[in-house]
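Only one structure is covered here, and it is reproduced in the block below.
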Amino acid sequence: MKLYADRVPTALRQLITDLVVVVWVYLWIRAGLWVHDMVQKLGVPGEKLQSAGTGLADNLNDAGGKVGRVPLVGDQLVKPFKGAADAARSLADAGQQQQQIVGRMSVIVALAAVAVPLALVLFLWLPLRLRWIRRAGVATSVRDAPAGRDLLALRALAGQPLDQLARLGPDIAQSWRNGDPEAVDALAALELRRLGLKPARSLAG
């Protein structure tokens with residue numbers, strides 16, 4: 001597997017691009033975490049509401065327990081305290097539910113913030129990078145073999161711009177069909193240059 005080109009300008013461009021992508025991903029992940037933390041702060045009132053409701057319910061239950069010990073009327077007096085304690089627990093439950101909702105929202109918003117930037121990397125940059133790695137690996141493995149050189153020449157004829165082919169001579173295609181080693185070498189070198197790879201050892205002569 002070949003990760004970077006042989007030619008310095010191409011390899012340097014690939015390295016810089018890779019570093020930019022890594023920094024891009026890192027910054028967006030940090031941004032997503034920041035958004036997550038900011039949304040999580042919306043749950044602070046819910047925490048306070050839950051804490052206050054739980055504390056109030058506990059205090060009312062304690063007070064109701066003490067009032068319930070009053071002879072004769074204790075059972076009657078404890079009912080308001082129980083009702084108030086139930087209401088306080090409802091407030092605590094509401095605070096807990098608010099925290100749960102905020103927690104889910106913080107995850108959803110953070111994922112939404114990083115989804116598009118990461119999708120650009122996964123569906124645009126990464127396929128192109130992997131395609132180059134695959135093609136460069138194959139080209140490197142076959143460039144020193146006569147049959148492989150011929151395949152590279154054929155690839156150049158099929159995919160290189162016409163102006164690039166014309167620079168090799170007006171009869172370059174015919175020369176390749178005739179098996180001219182110089183034509184094969186020139187076409188293979190052109191294809192390898194497009195990938196940023198060094199030319200193979202010449203077959204001509």
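Residue numbering restarts at 1 for every chain of the structure tokens, chains are lettered A, B, ... in their displayed order, and ligands are numbered from 1 as they appear.
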
Inset, instruction - Just the residues within 12 Å of Gly179 in chain A, please, counting only C-alpha atoms, with nothing from its chain fewer than 4 positions along; format it as number ranges by chain. - result: A: 146-147, 149-150, 153-154, 172-175, 183-185, 187, 203-204

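Near Pro9 in chain A, within 12 Å and counting only C-alpha atoms, sit A:Tyr4, A:Ala5, A:Asp6, A:Leu12, A:Arg13, A:Gln14, A:Leu15, A:Ile16, A:Arg193, A:Arg194, A:Leu195, A:Gly196, A:Leu197; same-chain residues fewer than 3 positions away were not included.
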
Inset, instruction - Select from chain A everything DSSP, run on the backbone, classes as helix (DSSP H, G or I), then give the selection as a VMD selection string. - result: chain A and resid 8 to 67 74 to 142 146 to 159 162 to 166 172 to 177 181 to 194

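The list of residues with at least one atom within 10 Å of Leu111 in chain A, based on only C-alpha atoms and without residues fewer than 3 positions apart in the same chain, reads A:Ile29, A:Gly32, A:Leu33, A:Val35, A:His36, A:Met105, A:Ser106, A:Val107, A:Ile108, A:Val114, A:Ala115, A:Val116, A:Leu118.
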
Kindly provide the residues of range 84-182 of chain A that approach range 37-59 of chain A to within 8 Å, each paired with its closest atom pair and their distance in Å to one decimal, based on only C-alpha atoms, listed by chain and increasing number, as CSV.
```
residue,atom,partner,partner_atom,distance
A:Ala84,CA,A:Ala57,CA,7.4
A:Ala85,CA,A:Ala57,CA,4.3
A:Asp86,CA,A:Ala57,CA,6.9
A:Ala87,CA,A:Ala57,CA,7.9
A:Ala88,CA,A:Gly53,CA,4.6
A:Arg89,CA,A:Gly53,CA,5.7
A:Ser90,CA,A:Gly53,CA,7.5
A:Leu91,CA,A:Gly53,CA,5.3
A:Ala92,CA,A:Gln50,CA,3.7
A:Asp93,CA,A:Gln50,CA,6.5
A:Ala94,CA,A:Gln50,CA,7.2
A:Gly95,CA,A:Gly46,CA,4.0
A:Gln96,CA,A:Gln50,CA,5.9
A:Gln97,CA,A:Gly46,CA,7.8
A:Gln98,CA,A:Gly46,CA,5.5
A:Gln99,CA,A:Gly43,CA,4.9
A:Val102,CA,A:Gly43,CA,5.7
A:Gly103,CA,A:Gln40,CA,6.2
A:Met105,CA,A:Val39,CA,7.4
A:Ser106,CA,A:Val39,CA,5.1
```

Legend entry - Close residues, Ala139 in chain A itself excluded, 9 Å, only C-alpha atoms, min 3 positions apart in chain, as JSON, numbers by chain: {"A": [134, 135, 136, 142, 143, 148, 149, 152, 191, 192, 195, 197]}

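For the residues A:Ala166, A:Trp132, A:Pro117, A:Ala158, ranking by smallest atom-to-atom distance to Leu27 in chain A using only C-alpha atoms places A:Pro117 first.
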
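Distances from A:Gly169, A:Asn61, A:Gly83, A:Asp18 to Leu128 in chain A were compared using only C-alpha atoms, and the smallest one belongs to A:Asp18.
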